[in-house]
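The data block below is structure10.cif; it holds mmCIF, C-alpha atoms.
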```
data_upload
loop_
_atom_site.label_atom_id
_atom_site.label_comp_id
_atom_site.auth_asym_id
_atom_site.auth_seq_id
_atom_site.Cartn_x
_atom_site.Cartn_y
_atom_site.Cartn_z
CA MET A 17 88.21 73.10 106.31
CA ASP A 18 88.91 70.30 103.82
CA ALA A 19 92.47 69.19 103.15
CA LEU A 20 94.31 70.87 100.28
CA ASP A 21 96.24 68.77 97.78
CA PRO A 22 99.68 70.44 97.76
CA THR A 23 100.37 69.25 94.22
CA ARG A 24 97.34 71.25 93.04
CA THR A 25 97.70 74.27 95.36
CA ALA A 26 99.55 77.57 95.06
CA VAL A 27 100.16 80.03 97.88
CA VAL A 28 100.00 83.48 96.27
CA LEU A 29 101.68 86.33 98.15
CA ILE A 30 100.62 89.80 97.03
CA ASP A 31 102.74 92.98 97.13
CA LEU A 32 105.01 92.36 100.12
CA GLN A 33 107.18 95.31 99.17
CA ARG A 34 108.74 97.77 101.61
CA ARG A 35 106.63 100.78 100.54
CA ILE A 36 103.44 98.76 100.96
CA VAL A 37 104.34 96.83 104.12
CA ASP A 38 105.33 100.10 105.81
CA GLN A 39 101.92 101.71 105.23
CA PRO A 40 99.51 101.88 108.16
CA THR A 41 97.15 98.92 107.78
CA ALA A 42 94.39 97.41 109.89
CA PRO A 43 93.35 95.20 111.52
CA HIS A 44 96.83 93.67 111.11
CA THR A 45 100.14 95.48 110.69
CA GLY A 46 102.30 94.94 107.63
CA PRO A 47 104.91 92.99 109.62
CA GLU A 48 102.17 90.72 111.07
CA VAL A 49 100.93 89.99 107.55
CA VAL A 50 104.47 89.28 106.35
CA GLU A 51 105.03 86.85 109.24
CA ARG A 52 101.85 84.92 108.42
CA CYS A 53 102.58 84.94 104.68
CA LEU A 54 106.04 83.53 105.39
CA ALA A 55 104.42 80.76 107.44
CA LEU A 56 102.10 79.95 104.52
CA ALA A 57 105.02 79.93 102.08
CA GLY A 58 107.06 77.71 104.40
CA ALA A 59 104.23 75.21 104.68
CA ALA A 60 103.72 75.30 100.92
CA ARG A 61 107.37 74.61 100.19
CA ALA A 62 107.52 71.84 102.83
CA THR A 63 104.53 70.04 101.32
CA GLY A 64 105.39 70.54 97.66
CA ALA A 65 102.84 73.25 96.89
CA THR A 66 103.71 76.11 94.56
CA VAL A 67 104.64 79.51 95.97
CA VAL A 68 103.88 82.58 93.86
CA VAL A 69 105.49 85.87 94.86
CA VAL A 70 103.77 88.86 93.25
CA ARG A 71 105.04 92.42 93.21
CA VAL A 72 103.58 95.49 91.60
CA ASP A 73 105.46 97.89 89.37
CA ARG A 74 103.65 101.14 88.76
CA PRO A 75 103.21 101.81 85.06
CA GLY A 76 105.38 104.68 83.89
CA PRO A 77 107.87 105.65 86.56
CA ASP A 78 111.42 104.64 85.89
CA PRO A 79 112.88 103.99 88.30
CA GLN A 80 110.08 102.70 90.50
CA PRO A 81 109.31 104.59 93.74
CA THR A 82 111.63 104.05 96.68
CA GLY A 83 110.69 100.90 98.57
CA SER A 84 109.34 99.03 95.54
CA GLU A 85 111.61 96.04 96.13
CA LEU A 86 110.30 92.89 97.76
CA LEU A 87 111.28 92.36 101.36
CA PRO A 88 114.34 90.10 101.26
CA GLU A 89 112.65 87.42 103.35
CA VAL A 90 109.81 87.04 100.84
CA ALA A 91 111.95 87.00 97.70
CA PRO A 92 111.18 84.05 95.42
CA ARG A 93 113.22 80.90 95.94
CA GLU A 94 114.16 78.25 93.44
CA GLY A 95 110.98 76.61 92.18
CA ASP A 96 108.74 79.58 93.09
CA LEU A 97 106.95 81.67 90.51
CA ALA A 98 107.84 85.38 90.42
CA ILE A 99 105.15 87.61 88.95
CA VAL A 100 105.34 91.34 88.21
CA LYS A 101 101.98 93.00 87.77
CA HIS A 102 101.04 96.49 86.59
CA THR A 103 97.41 96.47 87.76
CA TRP A 104 95.68 95.57 91.03
CA GLY A 105 95.35 91.87 90.29
CA ALA A 106 98.02 89.25 89.63
CA PHE A 107 96.43 87.74 86.50
CA HIS A 108 96.15 90.57 83.94
CA GLU A 109 98.87 90.14 81.29
CA THR A 110 101.30 88.41 83.68
CA GLY A 111 101.25 84.81 82.47
CA LEU A 112 100.21 83.63 85.94
CA ASP A 113 97.20 81.62 84.80
CA ALA A 114 99.21 79.70 82.17
CA ALA A 115 102.08 79.05 84.61
CA LEU A 116 99.69 77.71 87.26
CA ARG A 117 97.76 75.52 84.84
CA ALA A 118 101.05 74.11 83.50
CA ARG A 119 101.80 72.97 87.06
CA GLY A 120 98.33 71.45 87.51
CA VAL A 121 97.27 74.04 90.10
CA ASP A 122 93.54 74.47 90.67
CA THR A 123 93.53 75.97 94.18
CA LEU A 124 94.85 79.35 95.34
CA VAL A 125 95.63 80.35 98.93
CA ILE A 126 95.96 84.13 98.75
CA GLY A 127 97.54 86.50 101.27
CA GLY A 128 99.36 89.82 101.26
CA LEU A 129 98.65 93.50 101.04
CA VAL A 130 96.22 95.04 100.76
CA THR A 131 93.00 93.11 101.29
CA ASN A 132 90.64 95.25 99.24
CA PHE A 133 93.01 95.97 96.36
CA GLY A 134 95.54 93.39 95.13
CA VAL A 135 94.32 90.49 97.26
CA GLU A 136 90.65 90.99 96.40
CA GLN A 137 91.25 91.55 92.68
CA THR A 138 93.41 88.43 92.44
CA ALA A 139 90.78 86.41 94.32
CA ARG A 140 87.93 87.71 92.16
CA ILE A 141 89.68 86.87 88.90
CA GLY A 142 90.95 83.54 90.25
CA ASP A 143 87.39 82.55 91.11
CA GLU A 144 86.09 83.86 87.80
CA ILE A 145 88.51 81.73 85.77
CA GLY A 146 87.83 78.56 87.73
CA TYR A 147 90.25 78.32 90.66
CA ARG A 148 89.20 77.23 94.13
CA VAL A 149 90.05 80.22 96.34
CA VAL A 150 91.16 80.03 99.98
CA LEU A 151 91.54 83.30 101.89
CA PRO A 152 93.32 83.30 105.27
CA HIS A 153 91.93 86.56 106.63
CA ASP A 154 94.76 87.07 109.12
CA ALA A 155 97.41 86.86 106.37
CA MET A 156 96.17 90.09 104.80
CA SER A 157 95.17 93.56 105.91
CA GLY A 158 93.42 96.63 104.55
CA LEU A 159 94.29 100.29 104.55
CA ASP A 160 91.68 100.44 107.30
CA ALA A 161 89.84 97.82 109.34
CA TYR A 162 86.43 98.51 107.78
CA ALA A 163 87.69 97.88 104.23
CA HIS A 164 89.35 94.62 105.33
CA GLU A 165 86.31 93.40 107.24
CA PHE A 166 83.92 94.27 104.42
CA ALA A 167 86.02 92.36 101.89
CA VAL A 168 86.39 89.35 104.20
CA ASP A 169 82.79 89.21 105.44
CA TYR A 170 80.90 90.25 102.34
CA VAL A 171 83.01 89.53 99.25
CA PHE A 172 85.39 86.70 100.16
CA ARG A 173 82.73 84.42 101.64
CA ARG A 174 81.08 84.47 98.22
CA LEU A 175 84.32 83.69 96.36
CA GLY A 176 85.74 80.86 98.40
CA THR A 177 86.81 79.61 101.79
CA VAL A 178 87.67 82.16 104.48
CA CYS A 179 89.92 80.74 107.18
CA THR A 180 92.91 81.54 109.39
CA THR A 181 96.56 81.07 108.47
CA ALA A 182 96.74 78.15 110.92
CA GLU A 183 93.74 76.47 109.27
CA ALA A 184 95.23 76.91 105.78
CA ILE A 185 98.55 75.45 106.93
CA ALA A 186 96.78 72.49 108.56
CA ALA A 187 94.81 71.90 105.34
CA LEU A 188 98.05 71.91 103.32
CA ARG A 189 99.55 69.36 105.68
CA GLY A 190 96.48 67.14 105.26
#
```
Take the structure from the file and write it as C-alpha cells.
Amino acid sequence: MDALDPTRTAVVLIDLQRRIVDQPTAPHTGPEVVERCLALAGAARATGATVVVVRVDRPGPDPQPTGSELLPEVAPREGDLAIVKHTWGAFHETGLDAALRARGVDTLVIGGLVTNFGVEQTARIGDEIGYRVVLPHDAMSGLDAYAHEFAVDYVFRRLGTVCTTAEAIAALRG
C-alpha cells in the first residue's frame, strides 16, 4: 500500500456508540472494531492527520434511544471533527465534505460499525465526490459475516484500497 500524506488524510470513525457496539457483529466483535479504530485514530493524531468522529441520531425520537452516546474512549478530542448524521452515510447534510475540503483532505480511511450500512454508504459517497478511499477491513464489522465479506470483497475493492488496520497505520507513518 502506498504511503498516505497525513496532511491530506482523515480517519473517519463511524457510529461507535454503545447501542451499536453492543450488537452482535461478525466477523469482528464491536469491542475489537473499537480497539482497531482507536489505533487508527491514535496514529492519525500522532502524524497530524484529521480524525472525524461520526455518530448517528435517529430522526424523530427525543430523547435518542438508550446507548446513543459515543463510547467515552472514542469521543472527539481537540482538533477532531465531530459529525452528527441522520442517515446511513456521514456526508448527507452534515457539512463533512466542506470541513474536509477546508482542511485540504483528499483521502479517507474509514472504519466503524457497521460495514454494510454507515461505513459502506460513507465510502460510496466519498468515492463519488472525489475522495481516495482506504478501507481497513478489520476495523469494521457487519451484522453478519456474509454482509461484511460481500461489502469488502465485492463493493470496497471497486471503491478504493482494502487493507488491514496495521497496513493503514504503516501508510500513515510513511
Which residue out of A:Ala186, A:Ala42, A:Leu54, A:Ala114 has the minimum interatomic distance to A:Thr131 when only C-alpha atoms are used? A:Ala42
Starting from the shown file, work through the PyMOL selection byres ((chain A and resi 103-109) around 6) and note down what comes out as a short mmCIF file (atom, residue, chain, number, x, y, z; two decimals) with C-alpha atoms, keeping the file's coordinate frame.
```
data_model
loop_
_atom_site.label_atom_id
_atom_site.label_comp_id
_atom_site.auth_asym_id
_atom_site.auth_seq_id
_atom_site.Cartn_x
_atom_site.Cartn_y
_atom_site.Cartn_z
CA LYS A 101 101.98 93.00 87.77
CA HIS A 102 101.04 96.49 86.59
CA THR A 110 101.30 88.41 83.68
CA GLY A 111 101.25 84.81 82.47
CA LEU A 112 100.21 83.63 85.94
CA PHE A 133 93.01 95.97 96.36
CA GLY A 134 95.54 93.39 95.13
CA GLN A 137 91.25 91.55 92.68
CA THR A 138 93.41 88.43 92.44
#
```
Excluding A:Pro22 and any residue of its chain fewer than 5 positions from it, enumerate the residues within 10 Å of it, using only C-alpha atoms, and give them as a ChimeraX atom specification. /A:27,59-66,121,123,187-190
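Here atom CA of A:Asp143 and atom CA of A:Asp169 stand 16.5 Å from one another.
Compared by their closest atoms to A:Val135, and using only C-alpha atoms, the residues A:Val70, A:Ala161, A:Leu87, A:Ala26 rank with A:Val70 nearest.
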Proximity check stretch 53-113 of chain A to stretch 150-157 of chain A, 12 Å, nearest pairs one decimal Å, all atoms listed in the file, as CSV:
```
residue,atom,partner,partner_atom,distance
A:Cys53,CA,A:Ala155,CA,5.8
A:Leu54,CA,A:Ala155,CA,9.3
A:Ala55,CA,A:Ala155,CA,9.4
A:Leu56,CA,A:Ala155,CA,8.6
A:Ala57,CA,A:Ala155,CA,11.2
```
Shell around stretch 46-49 of chain A at 10 Å using only C-alpha atoms, local window under 6 positions removed, as a count of residues only: 20
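Atom pair atom CA of A:Arg74 / atom CA of A:Ala98: separated by 16.4 Å.
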If you measure from atom CA of A:Ala163 to atom CA of A:Glu136, what distance in Å do you get, rounded to one decimal? 10.8 Å
Would you mind listing what lies within 12 Å of A:Gly146 as a PDB file with C-alpha atoms, keeping the file's coordinate frame, with all atoms listed in the file counted and same-chain residues fewer than 2 positions away left out?
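And here's selection13.pdb as it stands now:
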```pdb
ATOM      1  CA  ASP A 113      97.200  81.620  84.800  1.00  0.00           C
ATOM      2  CA  LEU A 116      99.690  77.710  87.260  1.00  0.00           C
ATOM      3  CA  ARG A 117      97.760  75.520  84.840  1.00  0.00           C
ATOM      4  CA  VAL A 121      97.270  74.040  90.100  1.00  0.00           C
ATOM      5  CA  ASP A 122      93.540  74.470  90.670  1.00  0.00           C
ATOM      6  CA  THR A 123      93.530  75.970  94.180  1.00  0.00           C
ATOM      7  CA  LEU A 124      94.850  79.350  95.340  1.00  0.00           C
ATOM      8  CA  ALA A 139      90.780  86.410  94.320  1.00  0.00           C
ATOM      9  CA  ARG A 140      87.930  87.710  92.160  1.00  0.00           C
ATOM     10  CA  ILE A 141      89.680  86.870  88.900  1.00  0.00           C
ATOM     11  CA  GLY A 142      90.950  83.540  90.250  1.00  0.00           C
ATOM     12  CA  ASP A 143      87.390  82.550  91.110  1.00  0.00           C
ATOM     13  CA  GLU A 144      86.090  83.860  87.800  1.00  0.00           C
ATOM     14  CA  ARG A 148      89.200  77.230  94.130  1.00  0.00           C
ATOM     15  CA  VAL A 149      90.050  80.220  96.340  1.00  0.00           C
ATOM     16  CA  LEU A 175      84.320  83.690  96.360  1.00  0.00           C
ATOM     17  CA  GLY A 176      85.740  80.860  98.400  1.00  0.00           C
TER      18      GLY A 176
END
```
Listed atoms of stretch 131-142 of chain A, axis-aligned box, 8 Å per side: centre and edge lengths to one decimal in Å, as JSON?
```
{"center_x": 91.7, "center_y": 89.8, "center_z": 95.1, "size_x": 23.6, "size_y": 28.4, "size_z": 28.4}
```
